[in-house]
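Q: If you scroll down you'll find the structure; I have some questions about it.
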Amino acid sequence: TFSYFHLSDPAGILFFQRVFDLAHQALEQFVNETQLGWSNWFQHPDWAVPLVHCESHYQAPILSSRIIDIDLSLEKTTTSSLTFQYDIKQDSKVCCQVSTTHVFINKDTKNKIPIPEVVLKIFNS
């Protein structure tokens, strides 16, 4: 992935909120590459996985027009939620760490549900 100029300020540094876009893109790509697939994560008929918390910690500027690597890992699992960590790097140096927590809910009732077994198998492997 590149950090494009339109995502940056005039000094060529990525706008602070864009790291959340990059993290979400990394999650979409990861989910799409699993057996679960994009539509089962984002358009499942029975459950949804809304974002309930996100945070970031910056360690260095992310410069435009330079390659960005994102390492995605599962940081924490509860009965109904998953927390992911994204290490956003340039030149092998971590520039920013992002954390997102997603909770599984029933689409009809909007109540929390346990993480579906199929999801646990994919993320625990």
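All residue names refer to the structure tokens as shown: chains lettered A, B, ... in order, residues numbered from 1 in each chain, ligands numbered from 1 in order.
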Could you produce a table of the residues of stretch 7-55 of chain A lying within 10 Å of stretch 76-90 of chain A, with the nearest pair of atoms per residue and their separation in Å rounded to one decimal, using only C-alpha atoms, ordered by chain and increasing residue number, as a Markdown table?

A:
| residue | atom | partner | partner_atom | distance |
| --- | --- | --- | --- | --- |
| A:Val19 | CA | A:Ile88 | CA | 8.0 |
| A:Phe20 | CA | A:Tyr86 | CA | 9.6 |
| A:Leu22 | CA | A:Ile88 | CA | 8.4 |
| A:Ala23 | CA | A:Tyr86 | CA | 6.3 |
| A:His24 | CA | A:Tyr86 | CA | 9.5 |
| A:Ala26 | CA | A:Tyr86 | CA | 8.2 |
| A:Leu27 | CA | A:Phe84 | CA | 8.7 |
| A:Val49 | CA | A:Ser81 | CA | 8.4 |
| A:Pro50 | CA | A:Ser81 | CA | 9.7 |
| A:Leu51 | CA | A:Ser81 | CA | 9.6 |
| A:Val52 | CA | A:Ser81 | CA | 9.3 |
| A:His53 | CA | A:Thr83 | CA | 8.8 |
| A:Cys54 | CA | A:Thr83 | CA | 9.1 |
| A:Glu55 | CA | A:Gln85 | CA | 9.7 |

Q: Find, counting only C-alpha atoms, the residue in A:Asp21, A:Trp41, A:Ser99, A:Asp9 that gets nearest to A:Ile115.

A: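 Nearest candidate to A:Ile115 out of A:Asp21, A:Trp41, A:Ser99, A:Asp9: A:Trp41.
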
Q: Could you check how far atom CA of A:Ser92 sits from atom CA of A:Gly37, in Å to one decimal?

A: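 Between these atoms lies a distance of 28.6 Å.
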
Q: Which residue is closest to A:Gln97? Choose from A:His57, A:Arg66, A:Lys121, A:Lys112 and count only C-alpha atoms.

A: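 Comparing A:His57, A:Arg66, A:Lys121, A:Lys112 against A:Gln97, the winner is A:His57.
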
Q: What is the atom CA of A:Asp69 to atom CA of A:Cys96 distance in Å?

A: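 According to the coordinates, atom CA of A:Asp69 and atom CA of A:Cys96 are separated by 10.9 Å.
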
Q: Return as a list in words the full set of residues in stretch 23-89 of chain A whose backbone-based DSSP assignment is helix (DSSP H, G or I).

A: Ala23, His24, Gln25, Ala26, Leu27, Glu28, Gln29, Phe30, Val31, Asn32, Glu33, Trp38, Ser39, Asn40, Trp41 and Phe42 of chain A

Q: Take the residues from that selection and put them in a file with N, CA and C atoms, as a short mmCIF file (atom, residue, chain, number, x, y, z; two decimals), in the first residue's frame.

A:
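Printed below is part-v1.cif as written:
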data_model
loop_
_atom_site.label_atom_id
_atom_site.label_comp_id
_atom_site.auth_asym_id
_atom_site.auth_seq_id
_atom_site.Cartn_x
_atom_site.Cartn_y
_atom_site.Cartn_z
N ALA A 23 -6.22 0.78 8.61
CA ALA A 23 -6.48 -0.41 9.43
C ALA A 23 -7.71 -1.16 8.91
N HIS A 24 -8.75 -0.42 8.60
CA HIS A 24 -9.97 -1.07 8.10
C HIS A 24 -9.71 -1.77 6.77
N GLN A 25 -8.94 -1.16 5.90
CA GLN A 25 -8.59 -1.79 4.63
C GLN A 25 -7.80 -3.08 4.86
N ALA A 26 -6.91 -3.06 5.83
CA ALA A 26 -6.14 -4.26 6.15
C ALA A 26 -7.05 -5.37 6.67
N LEU A 27 -8.01 -5.00 7.52
CA LEU A 27 -8.96 -5.99 8.02
C LEU A 27 -9.80 -6.56 6.88
N GLU A 28 -10.30 -5.70 5.99
CA GLU A 28 -11.08 -6.17 4.85
C GLU A 28 -10.28 -7.15 4.00
N GLN A 29 -9.03 -6.80 3.73
CA GLN A 29 -8.19 -7.67 2.91
C GLN A 29 -7.96 -9.01 3.61
N PHE A 30 -7.67 -8.95 4.92
CA PHE A 30 -7.45 -10.19 5.67
C PHE A 30 -8.69 -11.08 5.64
N VAL A 31 -9.84 -10.51 5.98
CA VAL A 31 -11.08 -11.29 6.03
C VAL A 31 -11.38 -11.89 4.65
N ASN A 32 -11.15 -11.11 3.61
CA ASN A 32 -11.42 -11.58 2.26
C ASN A 32 -10.53 -12.77 1.88
N GLU A 33 -9.34 -12.84 2.46
CA GLU A 33 -8.40 -13.92 2.16
C GLU A 33 -8.62 -15.16 3.01
N TRP A 38 -15.29 -11.92 2.59
CA TRP A 38 -15.74 -10.56 2.86
C TRP A 38 -17.23 -10.50 3.17
N SER A 39 -18.05 -11.14 2.37
CA SER A 39 -19.51 -11.01 2.54
C SER A 39 -19.99 -11.64 3.85
N ASN A 40 -19.36 -12.73 4.29
CA ASN A 40 -19.77 -13.33 5.57
C ASN A 40 -19.42 -12.44 6.76
N TRP A 41 -18.37 -11.65 6.63
CA TRP A 41 -18.00 -10.74 7.72
C TRP A 41 -18.86 -9.48 7.68
N PHE A 42 -18.99 -8.89 6.51
CA PHE A 42 -19.64 -7.58 6.40
C PHE A 42 -21.12 -7.63 6.04
#

Q: What is the atom CA of A:Lys93-atom CA of A:Ile68 distance in Å, reported with one decimal?

A: 9.9 Å
